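To be precise, the following lines are entry.cif, and they hold mmCIF, C-alpha atoms.
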data_final
#
loop_
_atom_site.label_atom_id
_atom_site.label_comp_id
_atom_site.auth_asym_id
_atom_site.auth_seq_id
_atom_site.Cartn_x
_atom_site.Cartn_y
_atom_site.Cartn_z
CA MET A 426 -11.63 -24.73 15.31
CA THR A 427 -9.01 -27.05 13.84
CA VAL A 428 -6.54 -26.70 10.98
CA ASP A 429 -5.00 -29.58 9.08
CA MET A 430 -1.36 -28.47 9.06
CA ALA A 431 -0.41 -30.60 6.06
CA VAL A 432 -3.19 -29.04 3.98
CA LEU A 433 -2.30 -25.54 5.21
CA GLU A 434 1.35 -26.00 4.29
CA ALA A 435 0.45 -27.43 0.88
CA ASN A 436 -1.87 -24.48 0.16
CA ILE A 437 0.89 -22.01 1.05
CA ARG A 438 3.42 -23.80 -1.15
CA ARG A 439 0.98 -24.06 -4.05
CA MET A 440 0.22 -20.33 -4.23
CA ALA A 441 3.88 -19.44 -3.72
CA GLY A 442 4.78 -21.66 -6.66
CA LEU A 443 2.06 -20.33 -8.95
CA VAL A 444 2.93 -16.69 -8.33
CA GLY A 445 6.69 -17.24 -8.10
CA ALA A 446 6.75 -18.70 -11.61
CA THR A 447 5.41 -15.41 -13.04
CA GLY A 448 7.99 -12.96 -11.70
CA ALA A 449 5.38 -11.00 -9.74
CA ARG A 450 5.70 -10.81 -5.96
CA LEU A 451 3.35 -12.43 -3.48
CA ARG A 452 2.13 -10.12 -0.70
CA PRO A 453 -0.47 -12.28 1.06
CA HIS A 454 -3.44 -10.80 2.88
CA ILE A 455 -3.53 -11.88 6.52
CA LYS A 456 -7.20 -10.93 7.07
CA THR A 457 -8.06 -14.61 6.63
CA HIS A 458 -5.84 -16.17 9.28
CA LYS A 459 -4.84 -13.18 11.49
CA THR A 460 -2.14 -15.40 12.98
CA PRO A 461 1.57 -14.42 13.07
CA GLU A 462 2.75 -18.04 12.89
CA ILE A 463 1.02 -18.50 9.53
CA ALA A 464 2.41 -15.18 8.28
CA HIS A 465 5.90 -16.43 9.13
CA MET A 466 5.18 -19.61 7.16
CA GLN A 467 4.18 -17.46 4.19
CA LEU A 468 7.37 -15.42 4.34
CA ARG A 469 9.49 -18.56 4.61
CA ASN A 470 7.84 -19.66 1.36
CA GLY A 471 8.87 -16.52 -0.50
CA SER A 472 6.28 -13.84 0.27
CA ALA A 473 7.66 -10.33 -0.16
CA GLY A 474 5.72 -8.76 2.73
CA LEU A 475 2.21 -8.71 4.13
CA THR A 476 -1.13 -7.13 3.31
CA VAL A 477 -3.58 -6.22 6.07
CA ALA A 478 -7.03 -4.69 6.09
CA LYS A 479 -6.80 -2.56 9.22
CA LEU A 480 -4.27 -0.64 11.27
CA GLY A 481 -4.94 -2.96 14.21
CA GLU A 482 -3.82 -5.95 12.13
CA ALA A 483 -0.72 -4.05 11.03
CA GLU A 484 0.16 -3.28 14.63
CA VAL A 485 -0.21 -6.94 15.60
CA MET A 486 2.05 -8.05 12.78
CA ALA A 487 4.61 -5.34 13.51
CA ASP A 488 4.72 -6.52 17.11
CA ALA A 489 5.37 -10.04 15.75
CA GLY A 490 8.44 -8.85 13.84
CA PHE A 491 7.11 -8.06 10.36
CA ASP A 492 8.53 -4.87 8.87
CA ASP A 493 7.01 -4.54 5.38
CA ILE A 494 3.24 -4.09 5.45
CA PHE A 495 0.67 -2.70 3.03
CA ILE A 496 -2.61 -1.55 4.58
CA ALA A 497 -5.13 -2.13 1.80
CA ASN A 498 -7.50 0.53 3.05
CA GLU A 499 -8.04 4.26 3.25
CA LEU A 500 -6.86 5.76 6.56
CA VAL A 501 -8.65 8.92 7.61
CA GLY A 502 -9.27 10.79 10.85
CA PRO A 503 -6.90 11.99 13.58
CA THR A 504 -6.95 8.80 15.68
CA LYS A 505 -5.91 6.51 12.85
CA LEU A 506 -3.36 8.98 11.55
CA ARG A 507 -1.70 9.25 14.97
CA ARG A 508 -1.39 5.47 15.00
CA LEU A 509 -0.06 5.48 11.43
CA VAL A 510 2.61 7.98 12.49
CA GLY A 511 3.70 5.68 15.30
CA LEU A 512 3.71 2.62 13.04
CA SER A 513 5.68 4.44 10.32
CA ARG A 514 8.47 5.07 12.80
CA ARG A 515 8.77 1.32 13.44
CA ILE A 516 8.38 -0.35 10.04
CA SER A 517 7.94 0.23 6.32
CA VAL A 518 4.20 0.74 5.82
CA ARG A 519 2.06 1.87 2.90
CA SER A 520 -1.64 2.61 2.59
CA CYS A 521 -3.96 3.67 -0.23
CA VAL A 522 -5.96 6.78 -1.14
CA ASP A 523 -9.02 7.46 -3.27
CA SER A 524 -10.01 11.02 -2.27
CA ILE A 525 -8.39 14.43 -2.10
CA ALA A 526 -9.81 14.84 1.40
CA GLY A 527 -8.15 11.63 2.61
CA ALA A 528 -4.87 12.41 0.87
CA SER A 529 -4.86 15.89 2.41
CA MET A 530 -5.26 14.41 5.90
CA LEU A 531 -2.31 12.11 5.28
CA SER A 532 -0.30 15.04 3.96
CA GLU A 533 -0.99 17.22 6.99
CA ALA A 534 -0.07 14.43 9.42
CA ALA A 535 3.14 13.64 7.54
CA VAL A 536 4.26 17.27 7.45
CA ALA A 537 3.44 17.80 11.11
CA HIS A 538 5.60 14.83 12.10
CA GLU A 539 8.32 15.29 9.46
CA LEU A 540 7.48 12.00 7.73
CA MET A 541 6.92 10.84 4.17
CA PHE A 542 3.95 8.51 3.69
CA GLU A 543 4.02 6.24 0.65
CA VAL A 544 0.59 5.59 -0.85
CA LEU A 545 -1.01 3.63 -3.68
CA LEU A 546 -3.86 5.03 -5.73
CA ASP A 547 -6.97 2.91 -5.20
CA ILE A 548 -8.85 2.47 -8.49
CA ASN A 549 -12.27 0.89 -9.01
CA THR A 550 -11.94 -1.99 -11.47
CA GLY A 551 -15.46 -3.35 -11.07
CA LEU A 552 -16.19 -4.15 -7.43
CA ASP A 553 -17.81 -0.73 -6.89
CA ARG A 554 -16.57 -0.44 -3.35
CA THR A 555 -13.73 2.05 -2.89
CA GLY A 556 -11.55 3.47 -5.62
CA VAL A 557 -11.28 6.23 -8.19
CA ALA A 558 -12.80 5.58 -11.60
CA PRO A 559 -9.96 4.71 -13.99
CA LYS A 560 -10.84 7.62 -16.29
CA GLU A 561 -10.42 10.02 -13.35
CA ALA A 562 -7.13 8.59 -12.13
CA ARG A 563 -4.81 10.95 -14.04
CA GLY A 564 -6.29 14.15 -12.67
CA PHE A 565 -6.49 12.70 -9.18
CA ALA A 566 -2.87 11.53 -9.30
CA ARG A 567 -1.66 14.96 -10.38
CA SER A 568 -3.50 16.56 -7.48
CA ILE A 569 -2.17 14.27 -4.76
CA SER A 570 1.34 14.28 -6.21
CA ALA A 571 1.45 17.99 -5.48
CA LEU A 572 0.74 17.46 -1.77
CA PRO A 573 3.73 17.58 0.60
CA GLY A 574 4.54 14.62 2.82
CA ILE A 575 3.06 11.88 0.66
CA ARG A 576 4.59 10.01 -2.24
CA LEU A 577 2.41 8.23 -4.80
CA VAL A 578 4.27 5.00 -5.53
CA GLY A 579 1.72 2.77 -7.21
CA VAL A 580 -1.74 1.66 -8.25
CA PHE A 581 -3.94 -0.63 -6.15
CA SER A 582 -7.07 -2.56 -7.11
CA TYR A 583 -9.34 -5.32 -5.86
CA ALA A 584 -12.09 -6.45 -8.21
CA GLY A 585 -13.16 -9.56 -6.31
CA TYR A 586 -14.72 -12.45 -8.23
CA ARG A 587 -18.50 -12.57 -8.77
CA PRO A 588 -19.13 -14.61 -11.91
CA ALA A 589 -22.55 -15.39 -13.30
CA THR A 590 -21.28 -18.82 -14.28
CA PRO A 591 -18.04 -19.97 -12.59
CA SER A 592 -15.41 -21.42 -14.90
CA PRO A 593 -11.61 -21.23 -15.27
CA GLU A 594 -12.07 -19.21 -18.45
CA GLU A 595 -14.34 -16.67 -16.74
CA ARG A 596 -11.95 -16.43 -13.80
CA GLU A 597 -9.04 -15.69 -16.12
CA ARG A 598 -11.08 -13.04 -17.96
CA TRP A 599 -12.03 -11.45 -14.64
CA ALA A 600 -8.40 -11.43 -13.50
CA ARG A 601 -7.04 -10.01 -16.73
CA ARG A 602 -9.66 -7.27 -16.87
CA GLU A 603 -8.64 -6.02 -13.41
CA ALA A 604 -4.90 -6.36 -13.96
CA GLU A 605 -4.85 -4.84 -17.44
CA THR A 606 -6.91 -1.87 -16.24
CA ALA A 607 -4.47 -1.25 -13.40
CA VAL A 608 -1.48 -1.52 -15.74
CA ARG A 609 -3.09 0.87 -18.23
CA VAL A 610 -3.75 3.45 -15.51
CA ALA A 611 -0.16 3.14 -14.26
CA ASP A 612 1.16 3.65 -17.80
CA GLU A 613 -0.97 6.78 -18.18
CA LEU A 614 0.34 8.17 -14.91
CA ARG A 615 3.93 7.53 -15.98
CA ARG A 616 3.35 9.39 -19.23
CA ASP A 617 2.16 12.30 -17.09
CA GLY A 618 5.40 12.21 -15.14
CA VAL A 619 4.07 10.41 -12.07
CA HIS A 620 6.67 7.72 -11.41
CA VAL A 621 4.63 4.85 -10.01
CA SER A 622 6.52 1.59 -9.50
CA GLU A 623 3.94 -0.72 -7.90
CA ILE A 624 0.89 -2.32 -9.49
CA SER A 625 -0.85 -4.33 -6.77
CA VAL A 626 -3.94 -6.37 -7.70
CA ALA A 627 -6.07 -9.46 -7.16
CA GLY A 628 -7.15 -11.88 -4.45
CA THR A 629 -7.13 -15.66 -4.13
CA ALA A 630 -9.55 -16.33 -6.99
CA THR A 631 -7.67 -14.28 -9.56
CA ALA A 632 -4.07 -13.94 -8.35
CA PRO A 633 -2.51 -16.80 -10.40
CA PHE A 634 -3.90 -15.27 -13.62
CA ALA A 635 -3.37 -11.62 -12.72
CA ALA A 636 0.26 -12.26 -11.85
CA THR A 637 0.95 -13.26 -15.47
CA VAL A 638 -0.14 -9.87 -16.86
CA PRO A 639 2.95 -7.86 -17.86
CA GLY A 640 3.45 -4.90 -15.56
CA VAL A 641 1.80 -6.37 -12.46
CA THR A 642 4.32 -6.25 -9.63
CA GLU A 643 2.43 -7.98 -6.81
CA VAL A 644 -0.75 -9.90 -5.95
CA ARG A 645 -2.50 -10.16 -2.59
CA PRO A 646 -4.38 -13.47 -2.09
CA GLY A 647 -5.58 -14.31 1.41
CA THR A 648 -8.21 -17.06 1.58
CA TYR A 649 -5.96 -19.63 -0.10
CA VAL A 650 -4.23 -20.55 3.16
CA PHE A 651 -7.39 -22.21 4.50
CA ASN A 652 -9.83 -22.15 1.54
CA ASP A 653 -13.52 -22.69 2.31
CA ILE A 654 -16.55 -24.43 0.91
CA GLY A 655 -17.71 -21.22 -0.78
CA TYR A 656 -14.54 -21.27 -2.87
CA ALA A 657 -14.95 -24.98 -3.50
CA ARG A 658 -18.44 -24.34 -4.92
CA LEU A 659 -16.89 -21.77 -7.24
CA GLY A 660 -14.42 -24.37 -8.47
CA LEU A 661 -11.43 -22.60 -6.92
CA CYS A 662 -10.36 -25.55 -4.80
CA ASP A 663 -11.34 -29.09 -3.89
CA PRO A 664 -12.98 -29.67 -0.49
CA SER A 665 -9.91 -31.72 0.42
CA GLN A 666 -7.89 -28.49 0.15
CA CYS A 667 -9.97 -26.79 2.86
CA ALA A 668 -7.63 -26.77 5.84
CA LEU A 669 -9.95 -25.33 8.51
CA THR A 670 -12.95 -27.05 10.02
CA ILE A 671 -15.28 -26.35 12.92
CA LYS A 672 -15.90 -29.24 15.29
CA THR A 673 -19.46 -29.13 16.60
CA THR A 674 -21.63 -31.55 18.59
CA VAL A 675 -25.18 -32.68 17.89
CA VAL A 676 -27.12 -31.66 21.01
CA SER A 677 -30.68 -32.47 19.91
CA ARG A 678 -32.52 -34.67 17.42
CA PRO A 679 -36.12 -33.44 17.78
CA SER A 680 -37.40 -35.11 14.63
CA ARG A 681 -36.37 -37.60 11.97
CA ASP A 682 -35.47 -34.87 9.47
CA ARG A 683 -33.91 -32.36 11.89
CA ALA A 684 -30.77 -32.28 14.04
CA VAL A 685 -29.43 -29.40 16.12
CA ILE A 686 -25.76 -28.60 16.69
CA ASP A 687 -24.09 -26.33 19.24
CA ALA A 688 -22.51 -24.09 16.58
CA GLY A 689 -24.63 -21.10 15.63
CA SER A 690 -24.00 -17.72 14.07
CA LYS A 691 -21.39 -16.89 16.72
CA VAL A 692 -19.29 -19.77 15.39
CA LEU A 693 -20.12 -20.31 11.71
CA ALA A 694 -20.88 -16.68 10.70
CA LEU A 695 -23.86 -15.78 8.52
CA ASP A 696 -22.39 -15.76 5.00
CA LYS A 697 -24.09 -18.16 2.61
CA ARG A 698 -22.11 -17.45 -0.57
CA VAL A 699 -24.90 -18.39 -2.94
CA VAL A 700 -23.47 -19.67 -6.24
CA CYS A 701 -25.55 -19.55 -9.43
CA GLY A 702 -28.75 -19.17 -7.42
CA ARG A 703 -28.23 -22.39 -5.44
CA GLU A 704 -29.03 -22.17 -1.72
CA PRO A 705 -26.03 -23.74 0.05
CA GLY A 706 -26.94 -23.49 3.73
CA TYR A 707 -24.39 -22.42 6.32
CA GLY A 708 -21.50 -24.82 5.79
CA PHE A 709 -20.55 -28.27 4.57
CA ILE A 710 -20.73 -31.25 6.93
CA LYS A 711 -17.94 -33.66 6.05
CA GLN A 712 -19.62 -36.73 7.58
CA TRP A 713 -23.05 -35.97 6.06
CA PRO A 714 -22.54 -34.13 2.74
CA ALA A 715 -26.21 -34.51 1.77
CA ALA A 716 -27.39 -32.84 4.97
CA ARG A 717 -27.82 -29.08 5.03
CA ILE A 718 -27.37 -26.52 7.81
CA GLU A 719 -30.51 -24.59 6.96
CA ALA A 720 -30.78 -22.14 9.88
CA LEU A 721 -28.58 -20.51 12.50
CA TRP A 722 -29.44 -18.98 15.84
CA GLU A 723 -26.75 -17.43 17.99
CA GLU A 724 -25.91 -20.68 19.78
CA HIS A 725 -27.57 -23.34 17.61
CA GLY A 726 -27.52 -24.59 14.06
CA VAL A 727 -30.40 -26.57 12.56
CA ILE A 728 -29.52 -29.35 10.14
CA ARG A 729 -32.06 -30.65 7.63
CA VAL A 730 -31.39 -34.37 7.31
CA THR A 731 -32.34 -36.29 4.17
CA ALA A 732 -34.66 -39.28 4.38
CA ASP A 733 -31.87 -41.68 3.38
CA GLY A 734 -30.20 -43.21 6.42
CA PRO A 735 -30.39 -42.35 10.11
CA GLY A 736 -28.30 -39.18 9.97
CA PRO A 737 -26.29 -37.79 12.89
CA GLY A 738 -27.23 -38.70 16.45
CA VAL A 739 -27.09 -36.84 19.74
CA GLY A 740 -23.48 -36.66 20.91
CA ASP A 741 -21.97 -37.06 17.44
CA VAL A 742 -19.12 -34.66 16.71
CA LEU A 743 -19.33 -33.21 13.20
CA ASP A 744 -16.71 -31.46 11.09
CA VAL A 745 -18.06 -28.40 9.28
CA ILE A 746 -16.17 -26.51 6.57
CA PRO A 747 -17.39 -22.90 6.74
CA ASN A 748 -18.87 -21.07 3.78
CA HIS A 749 -16.64 -18.04 4.27
CA VAL A 750 -13.57 -18.71 6.38
CA CYS A 751 -12.46 -15.08 6.95
CA PRO A 752 -15.32 -13.92 9.22
CA THR A 753 -15.44 -17.38 10.81
CA VAL A 754 -11.84 -17.08 12.01
CA ASN A 755 -12.57 -13.63 13.40
CA LEU A 756 -15.19 -15.18 15.72
CA ALA A 757 -12.66 -17.43 17.50
CA ASP A 758 -9.72 -16.67 19.76
CA ARG A 759 -7.63 -19.72 18.89
CA TRP A 760 -7.30 -22.70 16.60
CA TYR A 761 -5.68 -26.09 16.97
CA GLY A 762 -3.22 -27.50 14.49
CA ILE A 763 -3.70 -31.16 13.56
CA LYS A 764 -0.98 -33.44 12.21
CA ALA A 765 -1.73 -37.07 11.39
CA GLY A 766 -4.98 -36.81 13.33
CA VAL A 767 -3.33 -35.57 16.51
CA VAL A 768 -3.37 -32.06 18.02
CA ASP A 769 0.08 -30.64 17.30
CA GLY A 770 -0.26 -27.08 18.60
CA GLU A 771 -2.52 -24.33 19.85
CA PHE A 772 -2.41 -20.97 18.05
CA THR A 773 -3.80 -17.65 19.25
CA ILE A 774 -5.57 -15.52 16.64
CA LEU A 775 -3.84 -12.30 17.68
CA GLY A 776 -5.45 -10.27 14.89
CA ARG A 777 -8.96 -11.22 15.93
CA GLY A 778 -11.19 -8.18 16.43
CA LYS A 779 -8.48 -5.74 15.34
CA SER A 780 -10.93 -3.85 13.16
CA ARG A 781 -9.98 -0.30 14.08
#
Kindly transcribe the structure held in the file into structure tokens.
Amino acid sequence: MTVDMAVLEANIRRMAGLVGATGARLRPHIKTHKTPEIAHMQLRNGSAGLTVAKLGEAEVMADAGFDDIFIANELVGPTKLRRLVGLSRRISVRSCVDSIAGASMLSEAAVAHELMFEVLLDINTGLDRTGVAPKEARGFARSISALPGIRLVGVFSYAGYRPATPSPEERERWARREAETAVRVADELRRDGVHVSEISVAGTATAPFAATVPGVTEVRPGTYVFNDIGYARLGLCDPSQCALTIKTTVVSRPSRDRAVIDAGSKVLALDKRVVCGREPGYGFIKQWPAARIEALWEEHGVIRVTADGPGPGVGDVLDVIPNHVCPTVNLADRWYGIKAGVVDGEFTILGRGKSR
């Protein structure tokens, strides 16, 4: 797994500039890279703090010196709450809630340990994953505001980006719909006397647009550091802006139209990211863009080679841009930074597997 450092640095600067021009803060999601060195690069370029998906990632980043972390997830159960107590005594950490049961658990843990947990209200703005329905947010906020040991400080949302037909106009509409819903809910809560100060929305696809909506205080893009071919197919980046590639070797050429590489599902992950019904295969081969990785086994990938030209031969090393970079990174334990075609450093993915 290699990363073009110049492309990585340019991606970080680009997003920092886009968001910085709006007045909103950038709180990047580290679930994509899981690497403290990249998180430090993001903070040096103006990020206000970090977003993580799991407590394990937060603990890794706290150990690496980061002291302002938002866990964009619901934390429930005694094991996680014990860890949250320990983390809260080391750094400033927030999480989110979308149920009275979950909020009550946080409240009980906070009271028992004489702490105050700050939380954001998770609202469902279209992804239909977690989150309270916007119309139910006022009653829910009143209920959790009455609980001891927790302080409701904001509204949180992630709507993703799943357009029927990708276009800049559709992406902006998607972003504004999420952001404006979150702002409206926050305004309603304030009128009810709940003094929320944070409105945290959006990911890589929508952050530059969502950040322009008045009232939004922060956005949380993650994939932008590396990008991937799935995002390129959606028109969110150019393939030249994909910083991470998998180097894999052709180990077999059993027929004229088929080649086999030594990267399978344990390397490339299984996401296809189908766009507008088109079947993309399992990654983009830089040297053979017309070829298609049509099947993955655990240790092998099968490439369908077009009739034009000889195609890759046994022993050839290919560069593959993954469809979805986030799960791909989580399958490796390290990556190598490349500058001017030369290995410039080896980086351990310390957040790999920290899914608890």
Could you list, as a PyMOL selection string, every residue within 8 Å of A:Lys764, counting all atoms listed in the file and ignoring same-chain residues fewer than 2 positions away? chain A and resi 429-431+762+766-769
Could you name the residues that touch A:Ser520 at 9 Å or less, counting only C-alpha atoms, but leaving out those on the same chain fewer than 6 positions away, as an mmCIF file with C-alpha atoms, in the coordinates of the input?
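Result saved to around-v4.cif:
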data_model
loop_
_atom_site.group_PDB
_atom_site.id
_atom_site.type_symbol
_atom_site.label_atom_id
_atom_site.label_comp_id
_atom_site.auth_asym_id
_atom_site.auth_seq_id
_atom_site.Cartn_x
_atom_site.Cartn_y
_atom_site.Cartn_z
ATOM 1 C CA ILE A 494 3.240 -4.090 5.450
ATOM 2 C CA PHE A 495 0.670 -2.700 3.030
ATOM 3 C CA ILE A 496 -2.610 -1.550 4.580
ATOM 4 C CA ALA A 497 -5.130 -2.130 1.800
ATOM 5 C CA ASN A 498 -7.500 0.530 3.050
ATOM 6 C CA GLU A 499 -8.040 4.260 3.250
ATOM 7 C CA LEU A 500 -6.860 5.760 6.560
ATOM 8 C CA PHE A 542 3.950 8.510 3.690
ATOM 9 C CA GLU A 543 4.020 6.240 0.650
ATOM 10 C CA VAL A 544 0.590 5.590 -0.850
ATOM 11 C CA LEU A 545 -1.010 3.630 -3.680
ATOM 12 C CA LEU A 546 -3.860 5.030 -5.730
#
Assuming the chain letters and numbering stay as they are in my file, what does the PyMOL selection byres ((chain A and resi 453) around 7) actually select? List them as a short mmCIF file (atom, residue, chain, number, x, y, z; two decimals) with C-alpha atoms, in the coordinates of the input.
data_model
loop_
_atom_site.label_atom_id
_atom_site.label_comp_id
_atom_site.auth_asym_id
_atom_site.auth_seq_id
_atom_site.Cartn_x
_atom_site.Cartn_y
_atom_site.Cartn_z
CA LEU A 451 3.35 -12.43 -3.48
CA ARG A 452 2.13 -10.12 -0.70
CA HIS A 454 -3.44 -10.80 2.88
CA ILE A 455 -3.53 -11.88 6.52
CA SER A 472 6.28 -13.84 0.27
CA LEU A 475 2.21 -8.71 4.13
CA THR A 476 -1.13 -7.13 3.31
CA ARG A 645 -2.50 -10.16 -2.59
CA PRO A 646 -4.38 -13.47 -2.09
CA GLY A 647 -5.58 -14.31 1.41
#
Figure out the distance between atom CA of A:Leu661 and atom CA of A:Ser625, please, to one decimal in Å.
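Result for atom CA of A:Ser625 versus atom CA of A:Leu661: 21.1 Å, one decimal.
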Interatomic distance, atom CA of A:Ala716 to atom CA of A:Arg759 (Å, one decimal):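 Pair atom CA of A:Ala716 / atom CA of A:Arg759 returns 27.5 Å.
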Any chance you could work out the residue set of the PyMOL selection byres ((chain A and resi 436) around 8) here, as a PyMOL selection string? chain A and resi 432-435+437-440+649-651+666
Serialized selection, C-alpha atoms, as a tab-separated table (two decimals), in the coordinates of the input:
chain	number	residue	atom	x	y	z
A	432	VAL	CA	-3.19	-29.04	3.98
A	433	LEU	CA	-2.30	-25.54	5.21
A	434	GLU	CA	1.35	-26.00	4.29
A	435	ALA	CA	0.45	-27.43	0.88
A	437	ILE	CA	0.89	-22.01	1.05
A	438	ARG	CA	3.42	-23.80	-1.15
A	439	ARG	CA	0.98	-24.06	-4.05
A	440	MET	CA	0.22	-20.33	-4.23
A	649	TYR	CA	-5.96	-19.63	-0.10
A	650	VAL	CA	-4.23	-20.55	3.16
A	651	PHE	CA	-7.39	-22.21	4.50
A	666	GLN	CA	-7.89	-28.49	0.15
Exercise. Given the choices A:Phe709, A:His538, A:Lys691, A:Thr631, which gets closest to A:Pro664 if the distance is worked out from all atoms listed in the file?
Worked result: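 When distances to A:Pro664 are compared using all atoms listed in the file, the smallest one comes from A:Phe709.
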- Message: Env of stretch 667-678 of chain A: 6 Å cut, atoms = only C-alpha atoms, seq-sep filter 5 positions within chain, self excluded. Answer as an MDAnalysis selection string.
- Response: chainID A and resid 426:429 432:433 651:653 684:688 739:746
Suppose you want the space between atom CA of A:Thr555 and atom CA of A:Thr457; what is it in Å?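 Atom-to-atom, atom CA of A:Thr555 and atom CA of A:Thr457 are spaced 20.0 Å apart.
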* **Selection under test: the PyMOL selection byres ((chain A and resi 715) around 8); residues as a PyMOL selection string** => chain A and resi 713-714+716-717+730-731
Within 12 Å of A:Ala528, counting all atoms listed in the file, which residues qualify if same-chain residues fewer than 6 places away don't, as a CSV table (one decimal) with C-alpha atoms, in the frame of the given file?
chain,number,residue,atom,x,y,z
A,499,GLU,CA,-8.0,4.3,3.2
A,500,LEU,CA,-6.9,5.8,6.6
A,501,VAL,CA,-8.6,8.9,7.6
A,502,GLY,CA,-9.3,10.8,10.8
A,506,LEU,CA,-3.4,9.0,11.6
A,520,SER,CA,-1.6,2.6,2.6
A,521,CYS,CA,-4.0,3.7,-0.2
A,522,VAL,CA,-6.0,6.8,-1.1
A,534,ALA,CA,-0.1,14.4,9.4
A,535,ALA,CA,3.1,13.6,7.5
A,542,PHE,CA,4.0,8.5,3.7
A,543,GLU,CA,4.0,6.2,0.6
A,544,VAL,CA,0.6,5.6,-0.8
A,545,LEU,CA,-1.0,3.6,-3.7
A,546,LEU,CA,-3.9,5.0,-5.7
A,547,ASP,CA,-7.0,2.9,-5.2
A,565,PHE,CA,-6.5,12.7,-9.2
A,566,ALA,CA,-2.9,11.5,-9.3
A,567,ARG,CA,-1.7,15.0,-10.4
A,568,SER,CA,-3.5,16.6,-7.5
A,569,ILE,CA,-2.2,14.3,-4.8
A,570,SER,CA,1.3,14.3,-6.2
A,571,ALA,CA,1.4,18.0,-5.5
A,572,LEU,CA,0.7,17.5,-1.8
A,573,PRO,CA,3.7,17.6,0.6
A,574,GLY,CA,4.5,14.6,2.8
A,575,ILE,CA,3.1,11.9,0.7
A,576,ARG,CA,4.6,10.0,-2.2
A,577,LEU,CA,2.4,8.2,-4.8
Near A:Gly770, within 9 Å and counting only C-alpha atoms, which residues show up once chain neighbours fewer than 6 positions away are dropped, as a list in words?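 The contact residues come out as Trp760, Tyr761, Gly762 and Ile763 of chain A.
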Original post:
Mind listing as number ranges by chain all residues within 10 Å of (6.0, 1.1, 6.6), counting only C-alpha atoms?
Top reply: A: 483, 487, 491-496, 509-510, 512-520, 542-543
Emit as JSON the padded axis-aligned box for all listed atoms of stretch 472-480 of chain A, 4 Å per side, with centre and edge lengths in Å to one decimal.
{"center_x": 0.3, "center_y": -7.2, "center_z": 5.6, "size_x": 22.7, "size_y": 21.2, "size_z": 19.4}
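Across A:Gly551, A:Ala657, A:Val557, A:Arg616, the tightest approach to A:Ala584 is made by A:Gly551 when counting all atoms listed in the file.
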Could you check the closest approach to A:Ile548 for each of A:Gly579, A:Pro747, A:Pro737, A:Gly640 and tell me which residue wins, using all atoms listed in the file?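 Distance minimum relative to A:Ile548 lands on A:Gly579.
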Counting only C-alpha atoms, which residues of stretch 542-627 of chain A sit at most 12 Å from some atom of stretch 443-450 of chain A, and what is each one's closest atom pair with its distance in Å to one decimal, listed by chain and rising residue number, as JSON lines?
{"residue": "A:Glu623", "atom": "CA", "partner": "A:Arg450", "partner_atom": "CA", "distance": 10.4}
{"residue": "A:Ile624", "atom": "CA", "partner": "A:Ala449", "partner_atom": "CA", "distance": 9.8}
{"residue": "A:Ser625", "atom": "CA", "partner": "A:Arg450", "partner_atom": "CA", "distance": 9.2}
{"residue": "A:Val626", "atom": "CA", "partner": "A:Ala449", "partner_atom": "CA", "distance": 10.6}
{"residue": "A:Ala627", "atom": "CA", "partner": "A:Val444", "partner_atom": "CA", "distance": 11.6}
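Among the candidate residues A:Gly585, A:Gly776, A:Gly511, A:Pro559, the one lying nearest to A:Val608 is A:Pro559, with distances computed using only C-alpha atoms.
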Counting only C-alpha atoms, the option among A:Ser622, A:Thr773, A:Gln712, A:Ser665 closest to A:Phe581:
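The answer is A:Ser622, which sits nearest to A:Phe581.
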